[in-house]
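**Student:** Shown below is the structure under consideration.
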Amino acid sequence: PRILALESSCDDTGAAVLAGGRLLSNVVATQKVHEQYGGVVPELASRAHQQHLLPVVTAALRDAGLTKNDLDVVAVTQGPGLLGSLLVGGMFAKTLALALGKPIIMVNHMRAHILAHFLGRPVPTFPFLCLTVSGGHTQLVVVRSALDMEVIGQTIDDAAGEAFDKTAKLLGLPYPGGPHLDRLAQQGDPRRFAFPVGAMAGYDFSFSGLKTAVLYFLKKETAKNPDFVAENLADLCAGIQHTIITTLLRQLRRAVAATGLTQVALAGGVAANSGLRTAVHAEAAAQGWQVFIPALAFCTDNAAMVAQAAHFQFLAGDFATQLASPDPRLKLR
Ligand code: ATP
Ligand code: FE
């Protein structure tokens with residue numbers, strides 16, 4: 001099928017065309033407006049999606065060398081995400097599908113993050129284990145098939161990406177702080193500052209304790225030395241990153257042991273983290289796992305992964321109707 005997919009769950013507006021399982025185009029407009037606020041402002045995100053959607057869709061069709069009449073189906077992210085942002089993308093998709101007389105496919109954003117692995121090579125075989133680490137989610141998922149997934153562990157508070165961004169903010173780094181913290185950590189000593197590891201019983205994660213620990217530690221130290229952060233920035237970044245990676249790996253190791261699944265996939269924006277990549281590859285070499293990490297452009301929010309998920313749903317006959325509506329808390333199944 002020739003699929004046009006839209007992504008608008010958070011602050012990236014994406015459109016992609018996938019035809020016969022081949023990606024023909026993938027366009028993303030990232031919203032700059034949130035930087036000055038140090039986080040995503042939902043109402044501004046909705047408005048920016050309204051401005052970006054038509055140009056992004058037009059570019060995706062042009063890059064693919066298709067017109068909208070060539071499409072077989074329109075796919076869109078249903079959730080989870082910000083309600084206003086989801087509404088804008090959902091309305092656009094439904095209106096376009098109605099005008100063209102084409103069916104609609106509603107896609108779960110977290111499933112799309114996982115199915116991004118099928119956009120490139122090598123491809124994991126079912127069943128496999130996926131650690132999804134993004135701005136809003138941290139999940140350990142048993143992926144039985146493209147349509148059958150089970151979350152066996154997740155964060156009970158902040159997501160891993162949030163942990164990066166919030167601690168980076170405490171260090172005075174620009175938003176989103178994850179990539180900045182990653183870069184600085186590469187010059188730092190991860191053993192100088194220790195923070196609490198948020199690995200819970202079972203396979204759940206907790207990252208709010210780390211944020212609080214960093215906050216109070218910095219308060220205490222800057223009271224003694226106002227230049228503490230500036231003088232120790234790289235080591236602080238390395239210590240924080242090391243803590244997050246230790247937490248993720250501890251639960252990942254447990255999940256592999258319990259499920260016996262040794263194909264380990266990473267998904268989501270935090271999969272871009274150089275320390276996490278190195279640590280997972282090292283662990284894989286030691287334990288005999290096979291590791292899968294999608295190309296960077298398919299880790300952060302994009303519509304190509306939504307198209308890929310829609311491709312599987314199309315083959316399974318999983319279509320929606322004009323009555324479909326966004327679900328900000330859509331669960332992964
Ligand atoms: P969700 O899918 O849960 O709704 P999202 O799609 O907004 O969230 P992503 O785009 O997958 O999240 O990932 C964004 C997150 O990834 C941000 O928190 C960002 O700081 C983090 N991130 C990106 N690159 C890196 C990096 N190199 N190191 C650490 N974190 C990073
Ligand atoms: Fe996402």
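Within each chain, counting starts at residue 1; across the structure tokens, chains are named A, B, ... in the order shown, with ligands numbered 1 upward in that order.
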Hey, what's within 6 Å of stretch 35-38 of chain A if we count only C-alpha atoms and toss same-chain stuff fewer than 2 positions away? As a ChimeraX atom specification, please?

**Tutor:** /A:32-33,175

**Student:** The selected residues should be written to file as a PDB file, in the first residue's frame (atoms: C-alpha atoms).

**Tutor:**
ATOM      1  CA  LYS A  32      11.701  26.107  17.919  1.00  0.00           C
ATOM      2  CA  VAL A  33       9.164  28.176  19.862  1.00  0.00           C
ATOM      3  CA  TYR A 175      16.483  22.776  26.421  1.00  0.00           C
TER       4      TYR A 175
END

**Student:** Would you mind listing the residues within 7 Å of ligand 2, counting only C-alpha atoms and all ligand atoms, as a list in words?

**Tutor:**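 Taking only C-alpha atoms and all ligand atoms into account, the residues around ligand 2 at most 7 Å away are His109, Met110, His113, Ser134, Gly135, Gly268, Thr300 and Asp301 of chain A.
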
**Student:** Create the file for the chosen residues now, containing N, CA and C atoms and written as a PDB file, in the first residue's frame.

**Tutor:**
ATOM      1  N   HIS A 109       1.650   5.692  19.146  1.00  0.00           N
ATOM      2  CA  HIS A 109       2.966   6.319  19.013  1.00  0.00           C
ATOM      3  C   HIS A 109       4.092   5.461  19.601  1.00  0.00           C
ATOM      4  N   MET A 110       3.833   4.789  20.717  1.00  0.00           N
ATOM      5  CA  MET A 110       4.875   3.973  21.345  1.00  0.00           C
ATOM      6  C   MET A 110       5.147   2.706  20.530  1.00  0.00           C
ATOM      7  N   HIS A 113       7.344   3.881  17.694  1.00  0.00           N
ATOM      8  CA  HIS A 113       8.756   4.007  18.099  1.00  0.00           C
ATOM      9  C   HIS A 113       9.454   2.638  17.976  1.00  0.00           C
ATOM     10  N   SER A 134      12.287   7.537  25.812  1.00  0.00           N
ATOM     11  CA  SER A 134      11.989   8.774  25.085  1.00  0.00           C
ATOM     12  C   SER A 134      11.768   9.919  26.057  1.00  0.00           C
ATOM     13  N   GLY A 135      11.259  11.028  25.511  1.00  0.00           N
ATOM     14  CA  GLY A 135      11.041  12.200  26.348  1.00  0.00           C
ATOM     15  C   GLY A 135       9.921  11.997  27.355  1.00  0.00           C
ATOM     16  N   GLY A 268      13.377   5.239  20.756  1.00  0.00           N
ATOM     17  CA  GLY A 268      13.152   6.538  21.377  1.00  0.00           C
ATOM     18  C   GLY A 268      14.388   7.424  21.347  1.00  0.00           C
ATOM     19  N   THR A 300      14.127   9.707  17.250  1.00  0.00           N
ATOM     20  CA  THR A 300      13.322  10.834  17.706  1.00  0.00           C
ATOM     21  C   THR A 300      12.024  10.843  16.893  1.00  0.00           C
ATOM     22  N   ASP A 301      11.082  11.695  17.306  1.00  0.00           N
ATOM     23  CA  ASP A 301       9.765  11.671  16.674  1.00  0.00           C
ATOM     24  C   ASP A 301       9.835  11.910  15.168  1.00  0.00           C
TER      25      ASP A 301
END

**Student:** Kindly assemble as a tab-separated table a list of the chain A residues that lie within 9 Å of ligand 1, each paired with its nearest atom pair and their distance in Å to one decimal, using only C-alpha atoms and all ligand atoms, sorted first by chain and then by ascending residue number.

**Tutor:**
residue	atom	partner	partner_atom_place_in_ligand_line	distance
A:Ser9	CA	ligand 1	4 (O)	6.7
A:Cys10	CA	ligand 1	7 (O)	5.7
A:Asp11	CA	ligand 1	7 (O)	6.9
A:Asp12	CA	ligand 1	7 (O)	7.9
A:Gly79	CA	ligand 1	4 (O)	8.5
A:Pro80	CA	ligand 1	4 (O)	6.6
A:Gly81	CA	ligand 1	4 (O)	5.5
A:Leu82	CA	ligand 1	4 (O)	8.3
A:His109	CA	ligand 1	2 (O)	6.6
A:Met110	CA	ligand 1	2 (O)	6.2
A:His113	CA	ligand 1	2 (O)	7.1
A:Thr132	CA	ligand 1	3 (O)	8.4
A:Val133	CA	ligand 1	11 (O)	6.9
A:Ser134	CA	ligand 1	11 (O)	4.0
A:Gly135	CA	ligand 1	12 (O)	3.5
A:Gly136	CA	ligand 1	3 (O)	3.2
A:His137	CA	ligand 1	3 (O)	4.1
A:Thr138	CA	ligand 1	3 (O)	7.5
A:Ala159	CA	ligand 1	3 (O)	7.7
A:Ala160	CA	ligand 1	18 (O)	7.2
A:Gly161	CA	ligand 1	18 (O)	3.3
A:Glu162	CA	ligand 1	18 (O)	5.1
A:Ala163	CA	ligand 1	18 (O)	7.6
A:Phe164	CA	ligand 1	30 (N)	5.8
A:Asp165	CA	ligand 1	20 (O)	5.2
A:Lys166	CA	ligand 1	18 (O)	8.7
A:Ala168	CA	ligand 1	20 (O)	8.9
A:Tyr175	CA	ligand 1	20 (O)	7.6
A:Pro176	CA	ligand 1	20 (O)	4.8
A:Gly177	CA	ligand 1	20 (O)	5.2
A:Gly178	CA	ligand 1	20 (O)	3.4
A:Pro179	CA	ligand 1	27 (N)	3.9
A:His180	CA	ligand 1	27 (N)	7.3
A:Leu181	CA	ligand 1	28 (N)	6.7
A:Asp182	CA	ligand 1	28 (N)	4.9
A:Arg183	CA	ligand 1	27 (N)	7.4
A:Gln241	CA	ligand 1	29 (C)	8.0
A:Ala267	CA	ligand 1	11 (O)	7.6
A:Gly268	CA	ligand 1	11 (O)	3.8
A:Gly269	CA	ligand 1	13 (O)	3.2
A:Val270	CA	ligand 1	31 (C)	4.1
A:Ala271	CA	ligand 1	25 (C)	7.0
A:Ala272	CA	ligand 1	27 (N)	4.5
A:Asn273	CA	ligand 1	27 (N)	3.5
A:Ser274	CA	ligand 1	27 (N)	6.1
A:Gly275	CA	ligand 1	28 (N)	7.9
A:Leu276	CA	ligand 1	28 (N)	8.1
A:Leu296	CA	ligand 1	24 (N)	8.8
A:Phe298	CA	ligand 1	11 (O)	8.9
A:Cys299	CA	ligand 1	11 (O)	5.9
A:Thr300	CA	ligand 1	10 (O)	3.7
A:Asp301	CA	ligand 1	10 (O)	4.5
A:Asn302	CA	ligand 1	10 (O)	8.2

**Student:** Could you write out that same residue set with N, CA and C atoms as a short mmCIF file (atom, residue, chain, number, x, y, z; two decimals), in the first residue's frame?

**Tutor:**
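Saved result, again-v6.cif, follows:
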data_model
loop_
_atom_site.label_atom_id
_atom_site.label_comp_id
_atom_site.auth_asym_id
_atom_site.auth_seq_id
_atom_site.Cartn_x
_atom_site.Cartn_y
_atom_site.Cartn_z
N SER A 9 2.34 14.17 17.85
CA SER A 9 1.96 13.88 19.24
C SER A 9 2.56 14.85 20.24
N CYS A 10 3.68 15.47 19.87
CA CYS A 10 4.33 16.37 20.84
C CYS A 10 4.73 17.66 20.14
N ASP A 11 6.02 17.89 19.94
CA ASP A 11 6.45 19.16 19.37
C ASP A 11 7.15 19.01 18.03
N ASP A 12 7.04 17.84 17.40
CA ASP A 12 7.57 17.67 16.05
C ASP A 12 6.42 17.37 15.11
N GLY A 79 -2.19 8.54 19.75
CA GLY A 79 -1.74 8.80 21.10
C GLY A 79 -0.67 7.79 21.45
N PRO A 80 -0.05 7.85 22.61
CA PRO A 80 -0.20 8.91 23.61
C PRO A 80 0.51 10.18 23.18
N GLY A 81 0.14 11.30 23.83
CA GLY A 81 0.74 12.58 23.50
C GLY A 81 -0.10 13.71 24.07
N LEU A 82 0.17 14.91 23.58
CA LEU A 82 -0.57 16.08 24.02
C LEU A 82 -1.89 16.15 23.26
N HIS A 109 1.65 5.69 19.15
CA HIS A 109 2.97 6.32 19.01
C HIS A 109 4.09 5.46 19.60
N MET A 110 3.83 4.79 20.72
CA MET A 110 4.87 3.97 21.34
C MET A 110 5.15 2.71 20.53
N HIS A 113 7.34 3.88 17.69
CA HIS A 113 8.76 4.01 18.10
C HIS A 113 9.45 2.64 17.98
N THR A 132 12.31 1.11 25.32
CA THR A 132 11.93 2.40 24.73
C THR A 132 12.24 3.51 25.72
N VAL A 133 13.12 4.41 25.32
CA VAL A 133 13.53 5.51 26.20
C VAL A 133 13.35 6.83 25.46
N SER A 134 12.29 7.54 25.81
CA SER A 134 11.99 8.77 25.09
C SER A 134 11.77 9.92 26.06
N GLY A 135 11.26 11.03 25.51
CA GLY A 135 11.04 12.20 26.35
C GLY A 135 9.92 12.00 27.36
N GLY A 136 8.94 11.18 27.01
CA GLY A 136 7.79 11.00 27.88
C GLY A 136 7.62 9.59 28.42
N HIS A 137 8.42 8.63 27.93
CA HIS A 137 8.22 7.23 28.31
C HIS A 137 9.52 6.50 28.56
N THR A 138 9.45 5.51 29.44
CA THR A 138 10.53 4.55 29.64
C THR A 138 9.84 3.21 29.81
N ALA A 159 10.30 10.06 32.92
CA ALA A 159 10.90 9.24 31.88
C ALA A 159 12.41 9.48 31.85
N ALA A 160 13.14 8.58 31.19
CA ALA A 160 14.60 8.72 31.11
C ALA A 160 14.97 10.05 30.42
N GLY A 161 14.28 10.38 29.34
CA GLY A 161 14.55 11.63 28.64
C GLY A 161 14.28 12.84 29.52
N GLU A 162 13.22 12.74 30.29
CA GLU A 162 12.88 13.79 31.24
C GLU A 162 13.97 13.94 32.29
N ALA A 163 14.52 12.81 32.73
CA ALA A 163 15.59 12.83 33.73
C ALA A 163 16.80 13.57 33.16
N PHE A 164 17.12 13.29 31.90
CA PHE A 164 18.22 14.02 31.25
C PHE A 164 17.89 15.51 31.18
N ASP A 165 16.69 15.82 30.70
CA ASP A 165 16.34 17.23 30.46
C ASP A 165 16.22 18.03 31.75
N LYS A 166 15.62 17.42 32.78
CA LYS A 166 15.42 18.16 34.03
C LYS A 166 16.72 18.36 34.79
N ALA A 168 19.66 18.43 33.36
CA ALA A 168 20.43 19.36 32.51
C ALA A 168 19.99 20.80 32.80
N TYR A 175 17.48 23.81 26.65
CA TYR A 175 16.48 22.78 26.42
C TYR A 175 16.45 22.39 24.95
N PRO A 176 16.29 21.11 24.59
CA PRO A 176 16.31 19.97 25.51
C PRO A 176 17.74 19.58 25.88
N GLY A 177 17.94 19.30 27.16
CA GLY A 177 19.30 19.17 27.68
C GLY A 177 20.00 17.85 27.40
N GLY A 178 19.23 16.81 27.05
CA GLY A 178 19.82 15.48 26.85
C GLY A 178 21.08 15.46 26.00
N PRO A 179 21.00 15.98 24.77
CA PRO A 179 22.18 15.96 23.90
C PRO A 179 23.36 16.77 24.47
N HIS A 180 23.08 17.89 25.14
CA HIS A 180 24.14 18.71 25.74
C HIS A 180 24.83 17.94 26.85
N LEU A 181 24.01 17.31 27.70
CA LEU A 181 24.55 16.54 28.82
C LEU A 181 25.42 15.39 28.30
N ASP A 182 24.95 14.75 27.24
CA ASP A 182 25.69 13.65 26.61
C ASP A 182 27.07 14.13 26.17
N ARG A 183 27.10 15.25 25.47
CA ARG A 183 28.36 15.79 24.92
C ARG A 183 29.34 16.13 26.05
N GLN A 241 24.62 10.99 33.90
CA GLN A 241 24.41 10.08 32.77
C GLN A 241 24.71 8.63 33.18
N ALA A 267 14.77 1.97 21.50
CA ALA A 267 13.93 2.87 20.72
C ALA A 267 13.77 4.18 21.46
N GLY A 268 13.38 5.24 20.76
CA GLY A 268 13.15 6.54 21.38
C GLY A 268 14.39 7.42 21.35
N GLY A 269 14.18 8.70 21.61
CA GLY A 269 15.23 9.70 21.46
C GLY A 269 16.46 9.47 22.31
N VAL A 270 16.29 8.90 23.50
CA VAL A 270 17.43 8.69 24.39
C VAL A 270 18.36 7.59 23.85
N ALA A 271 17.87 6.79 22.89
CA ALA A 271 18.73 5.80 22.23
C ALA A 271 19.86 6.49 21.47
N ALA A 272 19.76 7.81 21.31
CA ALA A 272 20.84 8.58 20.68
C ALA A 272 22.01 8.76 21.64
N ASN A 273 21.78 8.53 22.92
CA ASN A 273 22.82 8.80 23.93
C ASN A 273 24.05 7.92 23.73
N SER A 274 25.20 8.56 23.59
CA SER A 274 26.42 7.81 23.24
C SER A 274 26.82 6.86 24.37
N GLY A 275 26.64 7.32 25.61
CA GLY A 275 26.99 6.46 26.74
C GLY A 275 26.10 5.22 26.81
N LEU A 276 24.82 5.40 26.55
CA LEU A 276 23.89 4.27 26.57
C LEU A 276 24.21 3.28 25.46
N LEU A 296 19.39 7.42 13.84
CA LEU A 296 19.00 8.53 14.71
C LEU A 296 17.69 9.20 14.30
N PHE A 298 15.20 7.99 13.01
CA PHE A 298 14.04 7.15 13.30
C PHE A 298 13.87 6.93 14.80
N CYS A 299 14.80 7.46 15.62
CA CYS A 299 14.69 7.34 17.09
C CYS A 299 13.84 8.47 17.66
N THR A 300 14.13 9.71 17.25
CA THR A 300 13.32 10.83 17.71
C THR A 300 12.02 10.84 16.89
N ASP A 301 11.08 11.70 17.31
CA ASP A 301 9.77 11.67 16.67
C ASP A 301 9.84 11.91 15.17
N ASN A 302 9.15 11.05 14.42
CA ASN A 302 9.14 11.14 12.96
C ASN A 302 7.90 10.42 12.45
#

**Student:** Of the candidates A:Ile105, A:Ala257, A:Leu6, A:Val17, which shows the shortest atom-to-atom distance to A:His52, using only C-alpha atoms?

**Tutor:**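 Residue with the minimum atom-to-atom distance to A:His52: A:Leu6.
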
**Student:** Which of these residues is nearest to A:Arg192, using only C-alpha atoms: A:Val306, A:Leu23, A:Ala234, A:Val123?

**Tutor:**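 Looking only at the distances to A:Arg192, the closest residue turns out to be A:Ala234.
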
**Student:** Which of stretch 79-291 of chain A counts as helix (DSSP H, G or I) under DSSP, as JSON, numbers by chain please?

**Tutor:** {"A": [83, 84, 85, 86, 87, 88, 89, 90, 91, 92, 93, 94, 95, 96, 97, 98, 99, 100, 109, 110, 111, 112, 113, 114, 115, 116, 117, 118, 119, 160, 161, 162, 163, 164, 165, 166, 167, 168, 169, 170, 178, 179, 180, 181, 182, 183, 184, 185, 208, 209, 210, 211, 212, 213, 214, 215, 216, 217, 218, 219, 220, 221, 222, 223, 224, 228, 229, 230, 231, 232, 233, 234, 235, 236, 237, 238, 239, 240, 241, 242, 243, 244, 245, 246, 247, 248, 249, 250, 251, 252, 253, 254, 255, 256, 257, 258, 259, 269, 270, 271, 272, 274, 275, 276, 277, 278, 279, 280, 281, 282, 283, 284, 285, 286, 287]}

**Student:** Could you tell me how far atom CA of A:Leu18 lies from atom CA of A:Gln51, in Å and to one decimal?

**Tutor:** 23.4 Å

**Student:** Using only C-alpha atoms, pick whichever of A:Gly153, A:Gly120, A:Gly21, A:Gly260 has the shortest atom-to-atom distance to A:Trp289.

**Tutor:**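 Among A:Gly153, A:Gly120, A:Gly21, A:Gly260, it is A:Gly260 that comes nearest to A:Trp289.
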
**Student:** Given only C-alpha atoms as the basis, pick out the residue of A:Leu71, A:Ala48, A:Ala255, A:Leu248 nearest to A:Val142.

**Tutor:**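 Distance minimum relative to A:Val142 lands on A:Ala255.
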
**Student:** Do you know which residues are at most 7 Å from A:Val107 counting only C-alpha atoms, after dropping those on the same chain fewer than 6 positions away, and could you put them as a list in words?

**Tutor:**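 Close residues of A:Val107: Ala75, Val76, Thr77, Gln78, Val306, Ala309 and Ala310 of chain A.
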
**Student:** Find the spatial neighbours of A:Leu184, counting only C-alpha atoms, within a cut-off of 8 Å - ignore same-chain residues fewer than 5 positions away - and output them as a CSV table (one decimal) with N, CA and C atoms, in the first residue's frame.

**Tutor:**
chain,number,residue,atom,x,y,z
A,233,LEU,N,31.3,20.9,35.7
A,233,LEU,CA,30.2,20.6,34.8
A,233,LEU,C,30.3,19.2,34.2
A,234,ALA,N,31.5,18.9,33.6
A,234,ALA,CA,31.7,17.7,32.9
A,234,ALA,C,31.5,16.5,33.8
A,237,CYS,N,27.8,16.0,34.7
A,237,CYS,CA,27.1,15.4,33.6
A,237,CYS,C,27.4,13.9,33.5
A,238,ALA,N,28.7,13.6,33.6
A,238,ALA,CA,29.1,12.2,33.5
A,238,ALA,C,28.5,11.3,34.6
